[in-house]
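What follows is the content of my_file-v5.cif, which has mmCIF, C-alpha atoms:
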```
data_protein
#
loop_
_atom_site.label_atom_id
_atom_site.label_comp_id
_atom_site.auth_asym_id
_atom_site.auth_seq_id
_atom_site.Cartn_x
_atom_site.Cartn_y
_atom_site.Cartn_z
CA MET A 1 0.00 0.00 0.00
CA THR A 2 1.31 3.43 -0.95
CA LEU A 3 0.25 6.57 0.91
CA HIS A 4 -1.08 9.11 -1.57
CA HIS A 5 -1.14 12.87 -1.06
CA LEU A 6 -4.54 13.81 0.29
CA PRO A 7 -6.91 15.81 -1.89
CA SER A 8 -7.52 19.44 -1.04
CA PHE A 9 -10.74 20.37 0.75
CA ARG A 10 -11.65 24.06 0.63
CA TYR A 11 -13.87 23.94 3.72
CA HIS A 12 -11.92 21.36 5.76
CA PRO A 13 -8.25 21.92 4.93
CA ASP A 14 -6.70 19.34 7.29
CA PRO A 15 -9.12 16.49 8.03
CA VAL A 16 -6.26 14.36 9.39
CA ALA A 17 -5.34 16.97 12.02
CA THR A 18 -9.00 17.39 13.01
CA GLY A 19 -9.34 13.61 13.48
CA ASN A 20 -11.84 12.98 10.70
CA VAL A 21 -9.52 11.18 8.25
CA ALA A 22 -6.79 8.75 9.28
CA PRO A 23 -4.19 6.43 7.77
CA SER A 24 -5.63 3.00 6.98
CA THR A 25 -5.04 -0.11 4.92
CA ALA A 26 -8.78 -0.45 4.23
CA THR A 27 -10.11 -0.67 0.70
CA CYS A 28 -12.53 2.10 -0.26
CA ARG A 29 -16.09 0.93 -0.79
CA VAL A 30 -16.43 3.23 -3.83
CA CYS A 31 -13.16 3.07 -5.83
CA GLN A 32 -12.06 -0.34 -4.49
CA GLN A 33 -8.55 0.99 -3.80
CA ALA A 34 -6.49 1.03 -0.61
CA ARG A 35 -5.08 4.55 -0.89
CA GLY A 36 -3.70 4.85 2.62
CA TYR A 37 -6.44 6.94 4.28
CA VAL A 38 -10.12 6.60 5.15
CA TYR A 39 -12.86 8.87 6.38
CA LEU A 40 -13.49 7.96 10.03
CA ARG A 41 -17.03 9.25 10.29
CA ASP A 42 -20.30 7.94 8.98
CA ALA A 43 -21.96 9.64 6.07
CA ILE A 44 -25.36 11.32 6.32
CA HIS A 45 -28.01 9.07 4.80
CA ALA A 46 -31.39 7.59 5.48
CA GLY A 47 -31.71 3.97 6.55
CA ARG A 48 -28.49 2.55 5.16
CA GLY A 49 -25.52 0.88 6.79
CA ASP A 50 -22.58 2.54 8.48
CA TYR A 51 -19.96 3.73 5.97
CA SER A 52 -17.39 4.93 8.52
CA GLU A 53 -13.86 3.78 7.68
CA GLN A 54 -15.07 2.52 4.28
CA ILE A 55 -14.64 5.61 2.09
CA CYS A 56 -11.41 7.23 0.96
CA PRO A 57 -10.97 11.02 0.94
CA TRP A 58 -10.48 11.02 -2.87
CA CYS A 59 -13.97 9.64 -3.42
CA ILE A 60 -15.33 12.34 -1.13
CA ALA A 61 -13.36 15.09 -2.91
CA ASP A 62 -14.47 14.15 -6.43
CA GLY A 63 -18.09 13.55 -5.43
CA SER A 64 -18.09 9.90 -6.47
CA ALA A 65 -18.88 8.66 -2.94
CA ALA A 66 -21.87 11.00 -2.60
CA SER A 67 -23.13 9.94 -6.01
CA ALA A 68 -22.50 6.19 -5.72
CA LEU A 69 -23.84 5.84 -2.16
CA ASN A 70 -26.44 8.64 -2.17
CA VAL A 71 -24.90 10.23 0.91
CA ALA A 72 -23.65 13.58 2.18
CA PHE A 73 -20.69 14.21 4.45
CA ALA A 74 -21.00 17.67 5.94
CA CYS A 75 -24.28 18.98 7.22
CA CYS A 76 -25.16 22.44 5.95
CA LEU A 77 -28.70 22.87 7.22
CA ASP A 78 -27.85 25.73 9.58
CA LEU A 79 -26.28 28.04 7.00
CA ASN A 80 -28.16 31.16 6.05
CA GLY A 81 -29.55 31.91 2.60
CA SER A 82 -26.65 34.17 1.62
CA VAL A 83 -24.40 31.22 0.77
CA PRO A 84 -24.54 30.20 -2.92
CA ASP A 85 -25.89 26.75 -3.78
CA ILE A 86 -22.57 25.75 -5.37
CA ALA A 87 -20.80 26.29 -2.03
CA LEU A 88 -23.47 24.31 -0.17
CA GLU A 89 -23.10 21.48 -2.67
CA GLU A 90 -19.32 21.42 -2.25
CA LEU A 91 -19.72 21.40 1.53
CA SER A 92 -22.32 18.65 1.75
CA LEU A 93 -21.19 16.35 -1.08
CA ARG A 94 -17.42 16.86 -1.38
CA THR A 95 -16.18 17.86 2.10
CA PRO A 96 -15.47 15.60 5.10
CA GLY A 97 -17.67 16.46 8.06
CA TYR A 98 -16.67 16.66 11.70
CA VAL A 99 -18.04 15.28 14.95
CA SER A 100 -19.80 17.36 17.57
CA PHE A 101 -22.07 16.64 20.50
CA GLN A 102 -25.32 17.93 18.98
CA GLY A 103 -24.50 17.46 15.29
CA GLU A 104 -22.17 19.59 13.26
CA THR A 105 -22.90 23.19 12.47
CA TRP A 106 -20.90 24.91 9.75
CA LEU A 107 -20.50 28.63 10.04
CA ALA A 108 -20.65 31.11 7.17
CA HIS A 109 -19.27 34.61 6.71
CA CYS A 110 -18.82 36.97 3.74
CA ASN A 111 -21.48 34.98 1.83
CA ASP A 112 -19.47 31.75 1.89
CA VAL A 113 -18.97 28.73 4.08
CA CYS A 114 -16.10 29.08 6.54
CA ARG A 115 -13.37 26.51 6.71
CA PHE A 116 -13.31 24.19 9.70
CA LEU A 117 -10.04 24.27 11.62
CA GLY A 118 -10.87 21.82 14.41
CA ASP A 119 -11.42 22.02 18.12
CA ALA A 120 -10.11 25.20 19.72
CA THR A 121 -7.18 25.23 22.08
CA LEU A 122 -7.44 26.93 25.46
CA ALA A 123 -5.25 29.73 24.12
CA GLN A 124 -7.52 30.31 21.10
CA VAL A 125 -10.55 30.65 23.34
CA ALA A 126 -8.77 32.83 25.90
CA GLN A 127 -7.36 35.08 23.18
CA ALA A 128 -10.50 35.30 21.05
CA SER A 129 -10.75 38.69 19.40
CA ALA A 130 -13.51 41.15 20.18
CA ALA A 131 -14.81 40.59 16.64
CA SER A 132 -14.94 36.80 17.17
CA ILE A 133 -16.78 37.18 20.47
CA ALA A 134 -19.18 39.73 18.97
CA ALA A 135 -19.90 37.38 16.03
CA TRP A 136 -20.67 34.53 18.42
CA CYS A 137 -22.88 36.74 20.60
CA ALA A 138 -24.82 38.01 17.57
CA ALA A 139 -25.29 34.51 16.12
CA ASN A 140 -26.48 33.12 19.44
CA ASP A 141 -28.52 36.09 20.68
CA ALA A 142 -26.32 36.21 23.78
CA ASP A 143 -24.22 38.77 25.58
CA GLU A 144 -20.52 38.70 26.37
CA ALA A 145 -21.19 37.43 29.91
CA VAL A 146 -22.54 34.17 28.45
CA TRP A 147 -19.42 33.84 26.28
CA ARG A 148 -17.16 34.45 29.29
CA ASP A 149 -19.06 31.85 31.33
CA LEU A 150 -18.75 29.19 28.61
CA ALA A 151 -15.12 30.07 27.92
CA SER A 152 -14.22 29.80 31.61
CA ASP A 153 -15.60 26.23 31.69
CA TYR A 154 -13.86 25.15 28.48
CA ALA A 155 -11.36 22.31 28.49
CA PRO A 156 -10.55 20.59 25.19
CA GLY A 157 -12.13 17.14 25.06
CA ALA A 158 -14.59 17.85 27.90
CA ASP A 159 -18.35 18.47 27.83
CA ILE A 160 -18.21 21.83 26.03
CA GLY A 161 -16.80 21.98 22.53
CA PHE A 162 -15.48 25.12 20.84
CA HIS A 163 -15.23 24.36 17.12
CA THR A 164 -13.04 26.83 15.22
CA PHE A 165 -13.89 28.24 11.79
CA GLU A 166 -12.14 30.81 9.64
CA CYS A 167 -13.69 33.03 6.99
CA LEU A 168 -12.02 32.38 3.63
CA HIS A 169 -12.41 36.01 2.61
CA CYS A 170 -11.71 38.28 5.61
CA GLY A 171 -10.01 35.82 7.98
CA LEU A 172 -12.45 36.28 10.88
CA ILE A 173 -12.11 33.42 13.35
CA GLN A 174 -15.49 32.21 14.58
CA PHE A 175 -16.51 29.58 17.09
CA HIS A 176 -19.42 27.20 17.22
CA ILE A 177 -19.99 26.15 20.83
CA ASP A 178 -21.53 22.77 21.42
CA SER A 179 -22.18 20.81 24.61
CA ALA A 180 -22.83 17.24 25.61
#
```

Using structure tokens, write down the structure from this file.
Amino acid sequence: MTLHHLPSFRYHPDPVATGNVAPSTATCRVCQQARGYVYLRDAIHAGRGDYSEQICPWCIADGSAASALNVAFACCLDLNGSVPDIALEELSLRTPGYVSFQGETWLAHCNDVCRFLGDATLAQVAQASAASIAAWCAANDADEAVWRDLASDYAPGADIGFHTFECLHCGLIQFHIDSA
């Protein structure tokens, strides 16, 4: 088995670092090749079997897995209407998703989907910019005191998740906060 260079994902640039793709000797259910990596998560589908660890990232990137298995990978139901359909299609059909407690939520900014950077570190949360905090407060109809309360309880891997996103256009770092 030869490890291939991973395909590029606009909205999830490093799915290995985020823990959603990993090295594997498994054969992909779609292309029937052992390319050295598999998607660790299940796909979004209705009433079919579990596809976790059965699909290679290349079949996600080119859309063949979504087409062949009638599945999606990243949920985009919470994005507002300002994001073009082509971006939503790329996100849901050609981008690896991520795991969260209550189901993934992808953030948008500047009329596009933001890229997922993974779970936040303590330093990222502690050093969140005023603009990042204001964006979270506006999106969640909350004030800064709620942010401070959640941030003070944050520990990576614990019951509160801070998922980090970055706007592809202006660079704003945003957080989706999720809890068990």

Within 10 Å of A:Leu6 using only C-alpha atoms, minus same-chain residues under 2 positions, as number ranges by chain: A: 3-4, 8-9, 14-16, 21, 35-37, 56-58, 61

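Of the listed residues A:Ile86, A:Cys170, A:Ala43, A:Cys137, the one whose atoms come nearest to A:Leu150 is A:Cys137, with distances taken using all atoms listed in the file.
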
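Neighbourhood of point (-10.9, 21.8, 22.0): residues with an atom at most 6 Å away, counting all atoms listed in the file, are Asp119, Ala120, Thr121, Pro156, Gly157, Gly161 and Phe162 of chain A.
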
Based on the selection just made, write C-alpha atoms of those residues as a PDB file, in the coordinates of the input.
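Contents of selection_3.pdb, as written:
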```pdb
ATOM      1  CA  ASP A 119     -11.420  22.020  18.120  1.00  0.00           C
ATOM      2  CA  ALA A 120     -10.110  25.200  19.720  1.00  0.00           C
ATOM      3  CA  THR A 121      -7.180  25.230  22.080  1.00  0.00           C
ATOM      4  CA  PRO A 156     -10.550  20.590  25.190  1.00  0.00           C
ATOM      5  CA  GLY A 157     -12.130  17.140  25.060  1.00  0.00           C
ATOM      6  CA  GLY A 161     -16.800  21.980  22.530  1.00  0.00           C
ATOM      7  CA  PHE A 162     -15.480  25.120  20.840  1.00  0.00           C
TER       8      PHE A 162
END
```

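The list of residues with at least one atom within 7 Å of A:Glu166, based on all atoms listed in the file and without residues fewer than 6 positions apart in the same chain, reads Cys114, Arg115, Phe116, Leu172, Ile173 and Gln174 of chain A.
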
Atom CA of A:Asp112 to atom CA of A:Ala72, distance in Å rounded to a single decimal: 18.6 Å

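In this model, the gap between atom CA of A:Ser129 and atom CA of A:Ala151 comes to 12.9 Å.
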
Saved stretch 130-168 of chain A from the preceding structure, N, CA and C atoms, as a PDB file, in the first residue's frame:
```pdb
ATOM      1  N   ALA A 130     -12.215  40.503  19.922  1.00  0.00           N
ATOM      2  CA  ALA A 130     -13.507  41.149  20.183  1.00  0.00           C
ATOM      3  C   ALA A 130     -14.469  40.875  19.038  1.00  0.00           C
ATOM      4  N   ALA A 131     -13.959  40.864  17.801  1.00  0.00           N
ATOM      5  CA  ALA A 131     -14.808  40.587  16.644  1.00  0.00           C
ATOM      6  C   ALA A 131     -15.336  39.159  16.670  1.00  0.00           C
ATOM      7  N   SER A 132     -14.506  38.203  17.078  1.00  0.00           N
ATOM      8  CA  SER A 132     -14.936  36.800  17.174  1.00  0.00           C
ATOM      9  C   SER A 132     -16.011  36.631  18.240  1.00  0.00           C
ATOM     10  N   ILE A 133     -15.797  37.263  19.380  1.00  0.00           N
ATOM     11  CA  ILE A 133     -16.775  37.182  20.470  1.00  0.00           C
ATOM     12  C   ILE A 133     -18.076  37.861  20.056  1.00  0.00           C
ATOM     13  N   ALA A 134     -17.976  39.013  19.429  1.00  0.00           N
ATOM     14  CA  ALA A 134     -19.181  39.727  18.972  1.00  0.00           C
ATOM     15  C   ALA A 134     -19.947  38.901  17.937  1.00  0.00           C
ATOM     16  N   ALA A 135     -19.235  38.226  17.040  1.00  0.00           N
ATOM     17  CA  ALA A 135     -19.897  37.383  16.032  1.00  0.00           C
ATOM     18  C   ALA A 135     -20.637  36.239  16.709  1.00  0.00           C
ATOM     19  N   TRP A 136     -20.007  35.616  17.712  1.00  0.00           N
ATOM     20  CA  TRP A 136     -20.668  34.527  18.416  1.00  0.00           C
ATOM     21  C   TRP A 136     -21.899  35.056  19.164  1.00  0.00           C
ATOM     22  N   CYS A 137     -21.757  36.170  19.852  1.00  0.00           N
ATOM     23  CA  CYS A 137     -22.885  36.744  20.603  1.00  0.00           C
ATOM     24  C   CYS A 137     -24.048  37.073  19.673  1.00  0.00           C
ATOM     25  N   ALA A 138     -23.759  37.663  18.520  1.00  0.00           N
ATOM     26  CA  ALA A 138     -24.822  38.011  17.567  1.00  0.00           C
ATOM     27  C   ALA A 138     -25.499  36.764  17.018  1.00  0.00           C
ATOM     28  N   ALA A 139     -24.720  35.740  16.687  1.00  0.00           N
ATOM     29  CA  ALA A 139     -25.286  34.512  16.115  1.00  0.00           C
ATOM     30  C   ALA A 139     -26.110  33.728  17.126  1.00  0.00           C
ATOM     31  N   ASN A 140     -25.815  33.904  18.403  1.00  0.00           N
ATOM     32  CA  ASN A 140     -26.482  33.119  19.439  1.00  0.00           C
ATOM     33  C   ASN A 140     -27.398  33.946  20.327  1.00  0.00           C
ATOM     34  N   ASP A 141     -27.653  35.195  19.935  1.00  0.00           N
ATOM     35  CA  ASP A 141     -28.520  36.088  20.685  1.00  0.00           C
ATOM     36  C   ASP A 141     -28.150  36.067  22.176  1.00  0.00           C
ATOM     37  N   ALA A 142     -26.842  36.256  22.415  1.00  0.00           N
ATOM     38  CA  ALA A 142     -26.324  36.212  23.783  1.00  0.00           C
ATOM     39  C   ALA A 142     -25.434  37.422  24.023  1.00  0.00           C
ATOM     40  N   ASP A 143     -25.139  37.669  25.287  1.00  0.00           N
ATOM     41  CA  ASP A 143     -24.217  38.771  25.583  1.00  0.00           C
ATOM     42  C   ASP A 143     -22.842  38.206  25.945  1.00  0.00           C
ATOM     43  N   GLU A 144     -21.901  39.100  26.114  1.00  0.00           N
ATOM     44  CA  GLU A 144     -20.522  38.697  26.367  1.00  0.00           C
ATOM     45  C   GLU A 144     -20.371  37.932  27.679  1.00  0.00           C
ATOM     46  N   ALA A 145     -21.254  38.160  28.638  1.00  0.00           N
ATOM     47  CA  ALA A 145     -21.185  37.429  29.907  1.00  0.00           C
ATOM     48  C   ALA A 145     -21.409  35.932  29.687  1.00  0.00           C
ATOM     49  N   VAL A 146     -22.298  35.585  28.760  1.00  0.00           N
ATOM     50  CA  VAL A 146     -22.540  34.166  28.447  1.00  0.00           C
ATOM     51  C   VAL A 146     -21.281  33.568  27.828  1.00  0.00           C
ATOM     52  N   TRP A 147     -20.675  34.298  26.883  1.00  0.00           N
ATOM     53  CA  TRP A 147     -19.420  33.842  26.279  1.00  0.00           C
ATOM     54  C   TRP A 147     -18.368  33.592  27.364  1.00  0.00           C
ATOM     55  N   ARG A 148     -18.175  34.569  28.239  1.00  0.00           N
ATOM     56  CA  ARG A 148     -17.156  34.447  29.287  1.00  0.00           C
ATOM     57  C   ARG A 148     -17.426  33.240  30.179  1.00  0.00           C
ATOM     58  N   ASP A 149     -18.692  32.995  30.498  1.00  0.00           N
ATOM     59  CA  ASP A 149     -19.058  31.851  31.332  1.00  0.00           C
ATOM     60  C   ASP A 149     -18.705  30.534  30.633  1.00  0.00           C
ATOM     61  N   LEU A 150     -19.072  30.410  29.360  1.00  0.00           N
ATOM     62  CA  LEU A 150     -18.753  29.194  28.605  1.00  0.00           C
ATOM     63  C   LEU A 150     -17.245  29.028  28.433  1.00  0.00           C
ATOM     64  N   ALA A 151     -16.571  30.118  28.119  1.00  0.00           N
ATOM     65  CA  ALA A 151     -15.123  30.067  27.915  1.00  0.00           C
ATOM     66  C   ALA A 151     -14.394  29.675  29.198  1.00  0.00           C
ATOM     67  N   SER A 152     -14.887  30.127  30.341  1.00  0.00           N
ATOM     68  CA  SER A 152     -14.222  29.804  31.606  1.00  0.00           C
ATOM     69  C   SER A 152     -14.351  28.322  31.952  1.00  0.00           C
ATOM     70  N   ASP A 153     -15.390  27.662  31.434  1.00  0.00           N
ATOM     71  CA  ASP A 153     -15.595  26.234  31.689  1.00  0.00           C
ATOM     72  C   ASP A 153     -14.958  25.340  30.631  1.00  0.00           C
ATOM     73  N   TYR A 154     -14.365  25.941  29.590  1.00  0.00           N
ATOM     74  CA  TYR A 154     -13.858  25.150  28.478  1.00  0.00           C
ATOM     75  C   TYR A 154     -12.563  24.424  28.811  1.00  0.00           C
ATOM     76  N   ALA A 155     -12.563  23.141  28.452  1.00  0.00           N
ATOM     77  CA  ALA A 155     -11.365  22.307  28.494  1.00  0.00           C
ATOM     78  C   ALA A 155     -11.460  21.396  27.275  1.00  0.00           C
ATOM     79  N   PRO A 156     -10.480  21.439  26.386  1.00  0.00           N
ATOM     80  CA  PRO A 156     -10.549  20.591  25.191  1.00  0.00           C
ATOM     81  C   PRO A 156     -10.823  19.133  25.551  1.00  0.00           C
ATOM     82  N   GLY A 157     -11.772  18.531  24.834  1.00  0.00           N
ATOM     83  CA  GLY A 157     -12.125  17.139  25.065  1.00  0.00           C
ATOM     84  C   GLY A 157     -13.148  16.919  26.163  1.00  0.00           C
ATOM     85  N   ALA A 158     -13.604  17.986  26.807  1.00  0.00           N
ATOM     86  CA  ALA A 158     -14.587  17.850  27.898  1.00  0.00           C
ATOM     87  C   ALA A 158     -16.003  18.021  27.345  1.00  0.00           C
ATOM     88  N   ASP A 159     -16.934  18.418  28.194  1.00  0.00           N
ATOM     89  CA  ASP A 159     -18.351  18.469  27.834  1.00  0.00           C
ATOM     90  C   ASP A 159     -18.789  19.699  27.040  1.00  0.00           C
ATOM     91  N   ILE A 160     -17.911  20.663  26.868  1.00  0.00           N
ATOM     92  CA  ILE A 160     -18.211  21.833  26.033  1.00  0.00           C
ATOM     93  C   ILE A 160     -17.198  21.845  24.895  1.00  0.00           C
ATOM     94  N   GLY A 161     -17.685  21.929  23.675  1.00  0.00           N
ATOM     95  CA  GLY A 161     -16.800  21.979  22.525  1.00  0.00           C
ATOM     96  C   GLY A 161     -16.809  23.356  21.885  1.00  0.00           C
ATOM     97  N   PHE A 162     -15.642  23.879  21.599  1.00  0.00           N
ATOM     98  CA  PHE A 162     -15.485  25.116  20.842  1.00  0.00           C
ATOM     99  C   PHE A 162     -14.887  24.709  19.496  1.00  0.00           C
ATOM    100  N   HIS A 163     -15.699  24.728  18.448  1.00  0.00           N
ATOM    101  CA  HIS A 163     -15.232  24.362  17.116  1.00  0.00           C
ATOM    102  C   HIS A 163     -14.820  25.640  16.387  1.00  0.00           C
ATOM    103  N   THR A 164     -13.632  25.629  15.816  1.00  0.00           N
ATOM    104  CA  THR A 164     -13.036  26.827  15.224  1.00  0.00           C
ATOM    105  C   THR A 164     -13.250  26.859  13.708  1.00  0.00           C
ATOM    106  N   PHE A 165     -13.692  28.010  13.221  1.00  0.00           N
ATOM    107  CA  PHE A 165     -13.894  28.239  11.794  1.00  0.00           C
ATOM    108  C   PHE A 165     -13.204  29.536  11.396  1.00  0.00           C
ATOM    109  N   GLU A 166     -12.772  29.602  10.143  1.00  0.00           N
ATOM    110  CA  GLU A 166     -12.137  30.815   9.636  1.00  0.00           C
ATOM    111  C   GLU A 166     -12.791  31.224   8.326  1.00  0.00           C
ATOM    112  N   CYS A 167     -13.130  32.501   8.225  1.00  0.00           N
ATOM    113  CA  CYS A 167     -13.694  33.029   6.989  1.00  0.00           C
ATOM    114  C   CYS A 167     -12.615  33.008   5.903  1.00  0.00           C
ATOM    115  N   LEU A 168     -12.958  32.462   4.752  1.00  0.00           N
ATOM    116  CA  LEU A 168     -12.017  32.377   3.633  1.00  0.00           C
ATOM    117  C   LEU A 168     -11.719  33.735   3.008  1.00  0.00           C
TER     118      LEU A 168
END
```
